[in-house]
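File shown: start.pdb (PDB, C-alpha atoms).
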```pdb
ATOM      1  CA  MET A   1     167.744 133.869  -8.589
ATOM      2  CA  SER A   2     168.404 136.635  -6.049
ATOM      3  CA  TRP A   3     166.840 139.774  -4.644
ATOM      4  CA  THR A   4     166.966 143.036  -6.571
ATOM      5  CA  ILE A   5     166.637 145.901  -4.083
ATOM      6  CA  SER A   6     166.608 149.584  -4.968
ATOM      7  CA  ASN A   7     164.574 152.752  -4.862
ATOM      8  CA  ASN A   8     163.675 152.193  -8.520
ATOM      9  CA  TYR A   9     160.882 150.513 -10.436
ATOM     10  CA  LEU A  10     161.857 147.002 -11.499
ATOM     11  CA  SER A  11     161.709 145.189 -14.809
ATOM     12  CA  GLU A  12     159.547 142.097 -15.217
ATOM     13  CA  SER A  13     162.577 139.799 -14.994
ATOM     14  CA  GLN A  14     163.730 141.533 -11.797
ATOM     15  CA  MET A  15     160.236 141.158 -10.321
ATOM     16  CA  GLN A  16     160.307 137.470 -11.268
ATOM     17  CA  GLY A  17     163.507 136.986  -9.297
ATOM     18  CA  ASN A  18     162.055 138.741  -6.253
ATOM     19  CA  ALA A  19     158.752 136.862  -6.566
ATOM     20  CA  LEU A  20     160.642 133.584  -6.459
ATOM     21  CA  GLU A  21     162.402 134.671  -3.263
ATOM     22  CA  VAL A  22     159.040 135.621  -1.722
ATOM     23  CA  TYR A  23     157.699 132.211  -2.725
ATOM     24  CA  LYS A  24     160.651 130.375  -1.181
ATOM     25  CA  TYR A  25     160.267 132.225   2.103
ATOM     26  CA  PHE A  26     156.503 131.922   2.507
ATOM     27  CA  ALA A  27     156.316 128.356   1.163
ATOM     28  CA  GLY A  28     158.897 127.472   3.799
ATOM     29  CA  LYS A  29     156.517 128.889   6.404
ATOM     30  CA  GLY A  30     153.645 126.715   5.174
ATOM     31  CA  TRP A  31     151.756 129.230   3.040
ATOM     32  CA  THR A  32     149.742 127.886   0.113
ATOM     33  CA  LEU A  33     150.735 128.862  -3.398
ATOM     34  CA  ASN A  34     147.288 130.468  -3.695
ATOM     35  CA  ALA A  35     148.000 132.818  -0.784
ATOM     36  CA  ILE A  36     151.477 133.620  -2.105
ATOM     37  CA  GLY A  37     149.969 134.489  -5.482
ATOM     38  CA  GLY A  38     147.417 136.712  -3.754
ATOM     39  CA  ILE A  39     149.969 138.700  -1.775
ATOM     40  CA  LEU A  40     152.317 138.983  -4.769
ATOM     41  CA  GLY A  41     149.508 140.482  -6.841
ATOM     42  CA  ASN A  42     149.335 143.218  -4.208
ATOM     43  CA  MET A  43     153.098 143.568  -3.829
ATOM     44  CA  GLU A  44     153.484 144.141  -7.569
ATOM     45  CA  LYS A  45     151.040 147.042  -7.517
ATOM     46  CA  GLU A  46     152.375 148.450  -4.242
ATOM     47  CA  SER A  47     156.136 148.187  -4.744
ATOM     48  CA  ASN A  48     157.081 146.210  -7.862
ATOM     49  CA  ILE A  49     157.906 143.475  -5.287
ATOM     50  CA  ASN A  50     160.841 145.678  -4.292
ATOM     51  CA  PRO A  51     161.756 145.886  -0.585
ATOM     52  CA  GLY A  52     163.752 149.070  -1.201
ATOM     53  CA  LEU A  53     161.011 151.138  -2.843
ATOM     54  CA  TRP A  54     159.811 154.405  -1.299
ATOM     55  CA  GLN A  55     156.454 155.884  -2.292
ATOM     56  CA  SER A  56     156.860 158.103  -5.374
ATOM     57  CA  LEU A  57     160.629 157.290  -5.168
ATOM     58  CA  ASN A  58     160.855 159.899  -2.375
ATOM     59  CA  GLU A  59     163.636 158.206  -0.418
ATOM     60  CA  GLY A  60     163.698 158.985   3.291
ATOM     61  CA  ASN A  61     160.102 160.253   3.432
ATOM     62  CA  TYR A  62     159.044 158.306   6.496
ATOM     63  CA  SER A  63     155.526 159.739   6.391
ATOM     64  CA  GLY A  64     154.940 158.040   3.029
ATOM     65  CA  GLY A  65     154.892 154.390   2.039
ATOM     66  CA  PHE A  66     157.866 152.045   2.042
ATOM     67  CA  GLY A  67     158.794 148.452   1.311
ATOM     68  CA  LEU A  68     157.180 145.373  -0.183
ATOM     69  CA  VAL A  69     153.675 146.219   1.040
ATOM     70  CA  GLN A  70     154.269 149.988   1.284
ATOM     71  CA  TRP A  71     153.808 150.327   5.021
ATOM     72  CA  THR A  72     152.303 153.793   5.543
ATOM     73  CA  PRO A  73     153.701 155.671   7.293
ATOM     74  CA  ALA A  74     157.000 153.931   6.671
ATOM     75  CA  THR A  75     157.756 154.071  10.398
ATOM     76  CA  ASN A  76     155.087 151.414  10.951
ATOM     77  CA  TYR A  77     157.751 149.038   9.694
ATOM     78  CA  THR A  78     161.086 150.842   9.902
ATOM     79  CA  ASP A  79     160.887 151.509  13.652
ATOM     80  CA  TRP A  80     160.324 147.794  14.276
ATOM     81  CA  ALA A  81     163.105 146.801  11.845
ATOM     82  CA  LYS A  82     165.671 149.056  13.479
ATOM     83  CA  SER A  83     164.788 147.888  16.990
ATOM     84  CA  ASN A  84     165.014 144.240  15.918
ATOM     85  CA  GLY A  85     168.373 144.370  14.150
ATOM     86  CA  TYR A  86     167.207 144.520  10.524
ATOM     87  CA  ALA A  87     168.310 147.002   7.891
ATOM     88  CA  ILE A  88     165.092 148.584   6.675
ATOM     89  CA  THR A  89     165.608 147.228   3.132
ATOM     90  CA  ASP A  90     166.345 143.677   4.347
ATOM     91  CA  PRO A  91     163.673 141.506   2.694
ATOM     92  CA  VAL A  92     163.979 138.838   5.393
ATOM     93  CA  GLY A  93     162.870 141.342   8.013
ATOM     94  CA  GLN A  94     159.968 142.539   5.871
ATOM     95  CA  LEU A  95     158.768 139.016   5.114
ATOM     96  CA  HIS A  96     159.149 138.001   8.773
ATOM     97  CA  TRP A  97     157.026 140.988   9.828
ATOM     98  CA  ILE A  98     154.334 140.152   7.291
ATOM     99  CA  ASP A  99     154.248 136.476   8.268
ATOM    100  CA  THR A 100     154.273 136.867  12.045
ATOM    101  CA  LEU A 101     153.005 140.357  12.922
ATOM    102  CA  SER A 102     150.224 141.149  10.438
ATOM    103  CA  ALA A 103     147.539 140.045  12.898
ATOM    104  CA  SER A 104     149.036 141.094  16.247
ATOM    105  CA  SER A 105     150.004 144.536  14.931
ATOM    106  CA  GLY A 106     146.424 145.197  13.904
ATOM    107  CA  GLN A 107     147.358 145.566  10.234
ATOM    108  CA  TRP A 108     145.132 142.626   9.253
ATOM    109  CA  ILE A 109     141.489 143.463   9.949
ATOM    110  CA  ALA A 110     138.916 141.017   8.602
ATOM    111  CA  THR A 111     136.097 142.618   6.635
ATOM    112  CA  SER A 112     132.576 141.339   6.121
ATOM    113  CA  SER A 113     133.363 140.599   2.468
ATOM    114  CA  TYR A 114     136.508 138.631   3.360
ATOM    115  CA  SER A 115     135.841 137.280   6.831
ATOM    116  CA  MET A 116     138.987 135.280   7.445
ATOM    117  CA  THR A 117     141.751 135.367  10.012
ATOM    118  CA  TRP A 118     145.369 135.965   9.022
ATOM    119  CA  ALA A 119     146.133 132.294   9.676
ATOM    120  CA  GLN A 120     143.236 131.298   7.442
ATOM    121  CA  PHE A 121     144.524 133.575   4.676
ATOM    122  CA  LYS A 122     147.980 131.977   4.741
ATOM    123  CA  SER A 123     146.543 128.447   4.485
ATOM    124  CA  SER A 124     143.688 129.242   2.098
ATOM    125  CA  THR A 125     143.003 127.320  -1.102
ATOM    126  CA  GLU A 126     140.678 129.995  -2.459
ATOM    127  CA  THR A 127     141.709 131.308  -5.878
ATOM    128  CA  PRO A 128     144.680 133.701  -6.116
ATOM    129  CA  GLU A 129     142.256 136.354  -7.392
ATOM    130  CA  TYR A 130     140.016 136.000  -4.337
ATOM    131  CA  LEU A 131     143.002 136.154  -2.000
ATOM    132  CA  ALA A 132     144.396 139.213  -3.792
ATOM    133  CA  SER A 133     141.150 140.998  -3.031
ATOM    134  CA  ALA A 134     141.167 139.689   0.545
ATOM    135  CA  PHE A 135     144.677 141.064   1.124
ATOM    136  CA  LEU A 136     143.725 144.364  -0.482
ATOM    137  CA  LYS A 137     140.651 144.838   1.699
ATOM    138  CA  ASN A 138     141.932 143.349   4.955
ATOM    139  CA  PHE A 139     145.582 144.474   4.927
ATOM    140  CA  GLU A 140     146.378 147.149   2.356
ATOM    141  CA  ARG A 141     143.194 149.255   2.451
ATOM    142  CA  ALA A 142     144.790 151.161  -0.426
ATOM    143  CA  GLY A 143     143.761 154.636  -1.458
ATOM    144  CA  VAL A 144     144.147 153.597  -5.104
ATOM    145  CA  GLU A 145     142.822 150.056  -5.220
ATOM    146  CA  VAL A 146     143.243 149.010  -8.882
ATOM    147  CA  GLU A 147     141.646 145.779  -7.654
ATOM    148  CA  SER A 148     141.270 144.136 -11.054
ATOM    149  CA  ALA A 149     144.970 144.688 -11.782
ATOM    150  CA  ARG A 150     145.921 143.123  -8.442
ATOM    151  CA  ARG A 151     143.735 140.116  -9.190
ATOM    152  CA  SER A 152     145.264 139.690 -12.657
ATOM    153  CA  ALA A 153     148.767 139.971 -11.223
ATOM    154  CA  ALA A 154     147.931 137.384  -8.572
ATOM    155  CA  ARG A 155     146.954 134.887 -11.267
ATOM    156  CA  LYS A 156     150.115 135.700 -13.226
ATOM    157  CA  TRP A 157     152.370 134.998 -10.233
ATOM    158  CA  TYR A 158     150.451 131.861  -9.318
ATOM    159  CA  GLU A 159     150.985 130.427 -12.798
ATOM    160  CA  TYR A 160     154.619 131.547 -12.914
ATOM    161  CA  LEU A 161     155.455 129.956  -9.567
ATOM    162  CA  LYS A 162     153.442 126.786 -10.048
ATOM    163  CA  LYS A 163     156.334 125.121 -11.884
ATOM    164  CA  TYR A 164     158.619 125.861  -8.933
ATOM    165  CA  ALA A 165     156.133 124.402  -6.475
ATOM    166  CA  THR A 166     155.869 121.259  -8.601
ATOM    167  CA  GLY A 167     159.624 121.222  -9.163
ATOM    168  CA  SER A 168     160.368 121.318  -5.437
ATOM    169  CA  ARG A 169     158.315 118.171  -4.880
ATOM    170  CA  ILE A 170     160.020 116.394  -7.796
ATOM    171  CA  ILE A 171     163.486 117.294  -6.521
ATOM    172  CA  GLU A 172     162.716 116.110  -3.005
ATOM    173  CA  LYS A 173     161.408 112.777  -4.295
ATOM    174  CA  ALA A 174     164.518 112.278  -6.429
ATOM    175  CA  VAL A 175     166.923 113.161  -3.618
ATOM    176  CA  GLU A 176     165.102 111.007  -1.081
ATOM    177  CA  TRP A 177     165.062 108.023  -3.462
ATOM    178  CA  ALA A 178     168.783 108.298  -4.264
ATOM    179  CA  VAL A 179     169.751 108.666  -0.594
ATOM    180  CA  ALA A 180     167.564 105.707   0.359
ATOM    181  CA  ILE A 181     169.299 103.563  -2.275
ATOM    182  CA  ALA A 182     172.695 104.654  -0.923
ATOM    183  CA  LYS A 183     171.682 103.652   2.618
ATOM    184  CA  ASP A 184     170.369 100.237   1.536
ATOM    185  CA  ASP A 185     173.222  97.753   1.106
ATOM    186  CA  SER A 186     171.085  95.496  -1.079
ATOM    187  CA  HIS A 187     171.973  97.959  -3.853
ATOM    188  CA  GLY A 188     175.536  98.101  -5.155
ATOM    189  CA  TYR A 189     177.491  99.257  -8.186
ATOM    190  CA  ASP A 190     177.367  97.387 -11.487
ATOM    191  CA  GLN A 191     177.660  98.856 -14.974
ATOM    192  CA  ALA A 192     176.498  95.678 -16.711
ATOM    193  CA  HIS A 193     173.372  95.272 -14.568
ATOM    194  CA  ARG A 194     172.487  98.879 -13.894
ATOM    195  CA  ASP A 195     168.693  99.032 -13.707
ATOM    196  CA  GLY A 196     168.219  97.561 -10.244
ATOM    197  CA  PRO A 197     168.908  96.281  -7.762
ATOM    198  CA  ASP A 198     172.401  97.547  -8.701
ATOM    199  CA  TYR A 199     173.140 100.832 -10.434
ATOM    200  CA  ASP A 200     176.014 102.732 -11.979
ATOM    201  CA  CYS A 201     176.549 106.465 -11.628
ATOM    202  CA  SER A 202     174.268 107.537 -14.478
ATOM    203  CA  SER A 203     171.494 104.997 -13.965
ATOM    204  CA  LEU A 204     171.231 105.975 -10.273
ATOM    205  CA  LEU A 205     170.429 109.577 -11.184
ATOM    206  CA  CYS A 206     168.285 108.714 -14.199
ATOM    207  CA  TRP A 207     166.171 106.361 -12.088
ATOM    208  CA  ALA A 208     165.985 108.896  -9.235
ATOM    209  CA  TYR A 209     164.384 111.571 -11.400
ATOM    210  CA  TYR A 210     162.381 109.039 -13.404
ATOM    211  CA  ASN A 211     160.808 107.741 -10.193
ATOM    212  CA  ALA A 212     160.086 111.350  -9.248
ATOM    213  CA  GLY A 213     158.056 111.789 -12.440
ATOM    214  CA  LEU A 214     160.456 113.079 -15.112
ATOM    215  CA  ASN A 215     161.265 111.481 -18.457
ATOM    216  CA  THR A 216     164.940 110.841 -17.720
ATOM    217  CA  ARG A 217     164.633 107.313 -19.119
ATOM    218  CA  PRO A 218     163.172 107.898 -22.599
ATOM    219  CA  GLY A 219     162.803 104.211 -23.498
ATOM    220  CA  TYR A 220     166.282 103.417 -22.187
ATOM    221  CA  THR A 221     168.571 104.374 -19.313
ATOM    222  CA  PRO A 222     171.082 106.960 -20.561
ATOM    223  CA  ALA A 223     174.786 106.802 -19.785
ATOM    224  CA  THR A 224     176.806 109.902 -18.987
ATOM    225  CA  GLY A 225     177.506 110.488 -22.681
ATOM    226  CA  THR A 226     173.838 111.218 -23.432
ATOM    227  CA  MET A 227     172.584 112.457 -20.048
ATOM    228  CA  TYR A 228     173.078 116.128 -20.906
ATOM    229  CA  SER A 229     170.630 116.164 -23.819
ATOM    230  CA  VAL A 230     168.180 113.789 -22.119
ATOM    231  CA  PHE A 231     168.037 115.860 -18.931
ATOM    232  CA  LEU A 232     167.636 119.140 -20.822
ATOM    233  CA  SER A 233     164.746 117.577 -22.737
ATOM    234  CA  ALA A 234     163.235 116.555 -19.388
ATOM    235  CA  GLY A 235     163.184 120.174 -18.245
ATOM    236  CA  PHE A 236     166.567 120.685 -16.603
ATOM    237  CA  GLU A 237     168.563 123.874 -17.143
ATOM    238  CA  ASP A 238     172.317 124.250 -17.589
ATOM    239  CA  VAL A 239     173.384 126.442 -14.653
ATOM    240  CA  THR A 240     177.112 125.713 -14.824
ATOM    241  CA  SER A 241     177.948 129.415 -15.030
ATOM    242  CA  GLN A 242     176.255 129.996 -11.654
ATOM    243  CA  VAL A 243     178.427 127.492  -9.764
ATOM    244  CA  ASN A 244     182.036 127.509  -8.571
ATOM    245  CA  LEU A 245     182.979 123.938  -9.462
ATOM    246  CA  SER A 246     186.172 124.069  -7.411
ATOM    247  CA  THR A 247     184.339 124.731  -4.153
ATOM    248  CA  GLY A 248     180.729 123.781  -4.939
ATOM    249  CA  SER A 249     179.542 127.288  -4.077
ATOM    250  CA  GLY A 250     176.230 127.986  -5.820
ATOM    251  CA  LEU A 251     175.023 124.376  -5.851
ATOM    252  CA  ILE A 252     171.532 123.676  -4.551
ATOM    253  CA  ARG A 253     169.762 120.510  -3.527
ATOM    254  CA  GLY A 254     169.003 118.228  -6.464
ATOM    255  CA  ASP A 255     171.643 119.617  -8.835
ATOM    256  CA  VAL A 256     173.186 117.059 -11.189
ATOM    257  CA  LEU A 257     176.956 117.270 -11.655
ATOM    258  CA  LEU A 258     178.122 115.753 -14.913
ATOM    259  CA  LYS A 259     181.234 114.995 -16.910
ATOM    260  CA  PRO A 260     179.972 113.371 -20.129
ATOM    261  CA  GLY A 261     181.515 110.020 -20.875
ATOM    262  CA  SER A 262     182.950 109.739 -17.385
ATOM    263  CA  HIS A 263     180.935 110.347 -14.185
ATOM    264  CA  THR A 264     177.911 111.990 -12.571
ATOM    265  CA  GLU A 265     176.619 112.580  -9.044
ATOM    266  CA  MET A 266     173.827 114.541  -7.322
ATOM    267  CA  PHE A 267     174.251 117.384  -4.844
ATOM    268  CA  ILE A 268     171.912 116.914  -1.866
ATOM    269  CA  GLY A 269     172.752 119.992   0.213
ATOM    270  CA  ASN A 270     174.996 120.660   3.217
ATOM    271  CA  GLY A 271     178.110 120.154   1.087
ATOM    272  CA  GLN A 272     177.244 116.548   0.254
ATOM    273  CA  LEU A 273     176.866 114.425  -2.878
ATOM    274  CA  VAL A 274     175.199 111.082  -3.454
ATOM    275  CA  GLY A 275     176.573 108.846  -6.172
ATOM    276  CA  ALA A 276     177.548 105.385  -7.343
ATOM    277  CA  SER A 277     181.316 104.982  -7.687
ATOM    278  CA  GLN A 278     182.685 101.436  -8.101
ATOM    279  CA  ASN A 279     182.169  97.847  -6.966
ATOM    280  CA  GLU A 280     184.034  96.014  -4.213
ATOM    281  CA  LEU A 281     186.727  94.999  -6.715
ATOM    282  CA  GLY A 282     187.487  98.600  -7.567
ATOM    283  CA  GLY A 283     185.953  98.109 -11.008
ATOM    284  CA  ILE A 284     182.708  98.542 -12.896
ATOM    285  CA  THR A 285     181.528  94.929 -13.430
ATOM    286  CA  GLY A 286     181.998  91.477 -11.961
ATOM    287  CA  GLY A 287     181.222  92.156  -8.319
ATOM    288  CA  GLN A 288     178.516  90.644  -6.167
ATOM    289  CA  THR A 289     175.016  92.082  -6.098
ATOM    290  CA  GLY A 290     174.568  94.635  -3.355
ATOM    291  CA  ASP A 291     176.969  96.987  -1.623
ATOM    292  CA  GLN A 292     179.849  94.937  -0.247
ATOM    293  CA  THR A 293     181.878  97.873   1.079
ATOM    294  CA  GLY A 294     179.266 100.381   2.189
ATOM    295  CA  ALA A 295     180.672 102.839  -0.337
ATOM    296  CA  GLU A 296     179.676 101.444  -3.741
ATOM    297  CA  ILE A 297     176.696 103.842  -3.626
ATOM    298  CA  HIS A 298     177.125 106.396  -0.868
ATOM    299  CA  VAL A 299     176.729 109.923   0.479
ATOM    300  CA  HIS A 300     179.970 111.879   0.882
ATOM    301  CA  GLY A 301     181.445 115.350   0.843
ATOM    302  CA  TYR A 302     181.645 117.537  -2.242
ATOM    303  CA  TYR A 303     184.648 117.284  -4.557
ATOM    304  CA  ASN A 304     185.378 118.476  -8.078
ATOM    305  CA  PHE A 305     185.668 115.357 -10.271
ATOM    306  CA  PRO A 306     186.335 117.633 -12.338
ATOM    307  CA  TRP A 307     182.774 118.361 -13.428
ATOM    308  CA  GLN A 308     181.906 119.893 -16.767
ATOM    309  CA  TYR A 309     178.208 120.700 -16.290
ATOM    310  CA  VAL A 310     175.704 121.439 -13.554
ATOM    311  CA  LEU A 311     172.096 120.675 -14.455
ATOM    312  CA  ARG A 312     169.215 121.983 -12.349
ATOM    313  CA  TYR A 313     165.498 121.286 -12.374
ATOM    314  CA  PRO A 314     163.398 124.450 -11.767
ATOM    315  CA  GLY A 315     162.139 124.594  -8.211
ATOM    316  CA  GLY A 316     165.323 123.820  -6.354
ATOM    317  CA  ASN A 317     166.307 125.775  -3.290
ATOM    318  CA  SER A 318     169.416 126.039  -1.186
ATOM    319  CA  ALA A 319     169.247 125.408   2.527
ATOM    320  CA  PRO A 320     168.189 128.686   4.169
ATOM    321  CA  VAL A 321     170.652 130.554   6.338
ATOM    322  CA  GLN A 322     168.974 132.842   8.861
ATOM    323  CA  GLY A 323     169.403 136.476   7.877
ATOM    324  CA  LEU A 324     171.475 135.722   4.754
ATOM    325  CA  TYR A 325     170.393 136.562   1.226
ATOM    326  CA  ILE A 326     171.969 137.366  -2.107
ATOM    327  CA  VAL A 327     171.191 140.870  -3.269
ATOM    328  CA  LYS A 328     171.618 142.927  -6.397
ATOM    329  CA  TRP A 329     171.623 146.559  -5.287
ATOM    330  CA  ILE A 330     170.781 149.117  -7.945
ATOM    331  CA  PRO A 331     171.786 152.612  -6.821
ATOM    332  CA  GLY A 332     169.356 155.411  -7.416
TER     333      GLY A 332
END
```

As structure tokens, the full file:
Amino acid sequence: MSWTISNNYLSESQMQGNALEVYKYFAGKGWTLNAIGGILGNMEKESNINPGLWQSLNEGNYSGGFGLVQWTPATNYTDWAKSNGYAITDPVGQLHWIDTLSASSGQWIATSSYSMTWAQFKSSTETPEYLASAFLKNFERAGVEVESARRSAARKWYEYLKKYATGSRIIEKAVEWAVAIAKDDSHGYDQAHRDGPDYDCSSLLCWAYYNAGLNTRPGYTPATGTMYSVFLSAGFEDVTSQVNLSTGSGLIRGDVLLKPGSHTEMFIGNGQLVGASQNELGGITGGQTGDQTGAEIHVHGYYNFPWQYVLRYPGGNSAPVQGLYIVKWIPG
């Protein structure tokens, strides 16, 4: 996914991509999914979740609304963005402002109907519908409220993003389990005895995601020849076309790299893989239990095996780089 930014109204699929980016940012700041759903319900009605949208598509009208939450006048945001080194359409700047300045700027004003602080809003477990109304009344104070539509949109985004919230937890559990196995020398490589304490390349990854809650061991532990179909059935997506296999560009934490019938490893971020390679004899069977070399199961830098597929469970996220984002710009 990536940002779509333009002074145009967005399609549903484009809004979905932007909503996912909003989720990643705010979830990383500790917001609840409920609060993210609530603000997205408002963003959809204000801007199509589009950081480049001007009110009535009147680009450059700084007395009108602008951006994700349609700051009005636009200078309420754009002056701050320019003085703090952000392009006015930069979504990172807009999300940073919302997260950190909504209260101190005076934009968030608690009402008697929704008597909560900004910090309480961000951490609230009230329903997305309730929080959509809270954001409308306490932040937006919109001239055209369409409150019921904002509440419905908040529920829609909450349900859409719930799988990513769940997926993130699954991926982290799988990565942490695989890395822990690699660091524990009581676990080595063995293709004949591959279901613990020793593992081979495929059983390591199958057990990692199985222990995280996915059905990647459907009554048996797949080998690389059947992993593709088993992992797709477990909810993974084939994202090979999104990755440069030569360099690893486009990989995100938790991705499974696979060459059927040969080898598989997991990308864990920061240019590193975790995988099971071979026993201390340089083979696949016959070694002692446990890691005799420190490298039978280990973490190491990325390389192209060469891989044939990249499989990804929904909810993964690349390590954030401050101020960097992928953007699809649609000219007006």

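Across the model, the gap from atom CA of A:Tyr302 to atom CA of A:Gly282 is 20.5 Å.
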
- Message: Can you spell out as a PyMOL selection string the set of residues that the PyMOL selection byres ((chain A and resi 191-200) around 7) selects in the structure I just provided?
- Response: chain A and resi 187-190+201-204+276+284-285+289-290

- Between A:Gly28, A:Gly287, A:Gly225, A:Gly235, which one has atoms that come closest to A:His263, using all atoms listed in the file?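 Nearest candidate to A:His263 out of A:Gly28, A:Gly287, A:Gly225, A:Gly235: A:Gly225.
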
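Interatomic distance, atom CA of A:Gly275 to atom CA of A:Thr224: 12.9 Å.
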
- Note on the structure: Between A:Ala223, A:Val92, A:Ile39, A:Val179, smallest distance to A:Asn138 by all atoms listed in the file belongs to A:Ile39

Could you spell out the hits of the PyMOL selection byres ((chain A and resi 23) around 9) on the shown file, as a short mmCIF file (atom, residue, chain, number, x, y, z; two decimals) with C-alpha atoms, in the coordinates of the input?
```cif
data_model
loop_
_atom_site.label_atom_id
_atom_site.label_comp_id
_atom_site.auth_asym_id
_atom_site.auth_seq_id
_atom_site.Cartn_x
_atom_site.Cartn_y
_atom_site.Cartn_z
CA ASN A 18 162.06 138.74 -6.25
CA ALA A 19 158.75 136.86 -6.57
CA LEU A 20 160.64 133.58 -6.46
CA GLU A 21 162.40 134.67 -3.26
CA VAL A 22 159.04 135.62 -1.72
CA LYS A 24 160.65 130.38 -1.18
CA TYR A 25 160.27 132.22 2.10
CA PHE A 26 156.50 131.92 2.51
CA ALA A 27 156.32 128.36 1.16
CA GLY A 28 158.90 127.47 3.80
CA TRP A 31 151.76 129.23 3.04
CA LEU A 33 150.74 128.86 -3.40
CA ILE A 36 151.48 133.62 -2.10
CA GLY A 37 149.97 134.49 -5.48
CA LEU A 40 152.32 138.98 -4.77
CA LEU A 161 155.46 129.96 -9.57
CA TYR A 164 158.62 125.86 -8.93
CA ALA A 165 156.13 124.40 -6.48
#
```

- Applied to this file, what does the PyMOL selection byres ((chain A and resi 111) around 12) return in terms of residues, put as number ranges by chain? A: 108-110, 112-118, 133-139, 141

- Of the candidates A:Thr72, A:Asn7, A:Thr240, A:Gln14, which one gets nearest to A:Ser56 if we count all atoms listed in the file?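 Of A:Thr72, A:Asn7, A:Thr240, A:Gln14, the one nearest A:Ser56, counting all atoms listed in the file, is A:Asn7.
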
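Between atom CA of A:Gly143 and atom CA of A:Ser83 there is a distance of 28.8 Å.
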
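Closest approach to A:Asn84 from the set A:Ser229, A:Trp97, A:Trp307, A:Val256 is made by A:Trp97, with distances taken over all atoms listed in the file.
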
- Message: Would you pick out the contacts of A:Ala132 at 12 Å or less, using all atoms listed in the file, so that residues sharing its chain but fewer than 2 positions from it are not included, and give the list as number ranges by chain?
- Response: A: 34-45, 114, 121-122, 124, 126-130, 134-141, 145-158

- Note on the structure: Using all atoms listed in the file, the shortest atom-to-atom distance to A:Lys162 among A:Ile88, A:Asp255, A:Pro314, A:Ser47 belongs to A:Pro314

- Task: Just the residues within 12 Å of A:Gln308, please, counting only C-alpha atoms, with nothing from its chain fewer than 4 positions along; format it as a PyMOL selection string.
- Result: chain A and resi 224-225+228+238-241+243-246+256-265+304

Quick one: write out the picked residues with C-alpha atoms as a PDB file, in the frame of the given file?
```
ATOM      1  CA  THR A 224     176.806 109.902 -18.987  1.00  0.00           C
ATOM      2  CA  GLY A 225     177.506 110.488 -22.681  1.00  0.00           C
ATOM      3  CA  TYR A 228     173.078 116.128 -20.906  1.00  0.00           C
ATOM      4  CA  ASP A 238     172.317 124.250 -17.589  1.00  0.00           C
ATOM      5  CA  VAL A 239     173.384 126.442 -14.653  1.00  0.00           C
ATOM      6  CA  THR A 240     177.112 125.713 -14.824  1.00  0.00           C
ATOM      7  CA  SER A 241     177.948 129.415 -15.030  1.00  0.00           C
ATOM      8  CA  VAL A 243     178.427 127.492  -9.764  1.00  0.00           C
ATOM      9  CA  ASN A 244     182.036 127.509  -8.571  1.00  0.00           C
ATOM     10  CA  LEU A 245     182.979 123.938  -9.462  1.00  0.00           C
ATOM     11  CA  SER A 246     186.172 124.069  -7.411  1.00  0.00           C
ATOM     12  CA  VAL A 256     173.186 117.059 -11.189  1.00  0.00           C
ATOM     13  CA  LEU A 257     176.956 117.270 -11.655  1.00  0.00           C
ATOM     14  CA  LEU A 258     178.122 115.753 -14.913  1.00  0.00           C
ATOM     15  CA  LYS A 259     181.234 114.995 -16.910  1.00  0.00           C
ATOM     16  CA  PRO A 260     179.972 113.371 -20.129  1.00  0.00           C
ATOM     17  CA  GLY A 261     181.515 110.020 -20.875  1.00  0.00           C
ATOM     18  CA  SER A 262     182.950 109.739 -17.385  1.00  0.00           C
ATOM     19  CA  HIS A 263     180.935 110.347 -14.185  1.00  0.00           C
ATOM     20  CA  THR A 264     177.911 111.990 -12.571  1.00  0.00           C
ATOM     21  CA  GLU A 265     176.619 112.580  -9.044  1.00  0.00           C
ATOM     22  CA  ASN A 304     185.378 118.476  -8.078  1.00  0.00           C
TER      23      ASN A 304
END
```
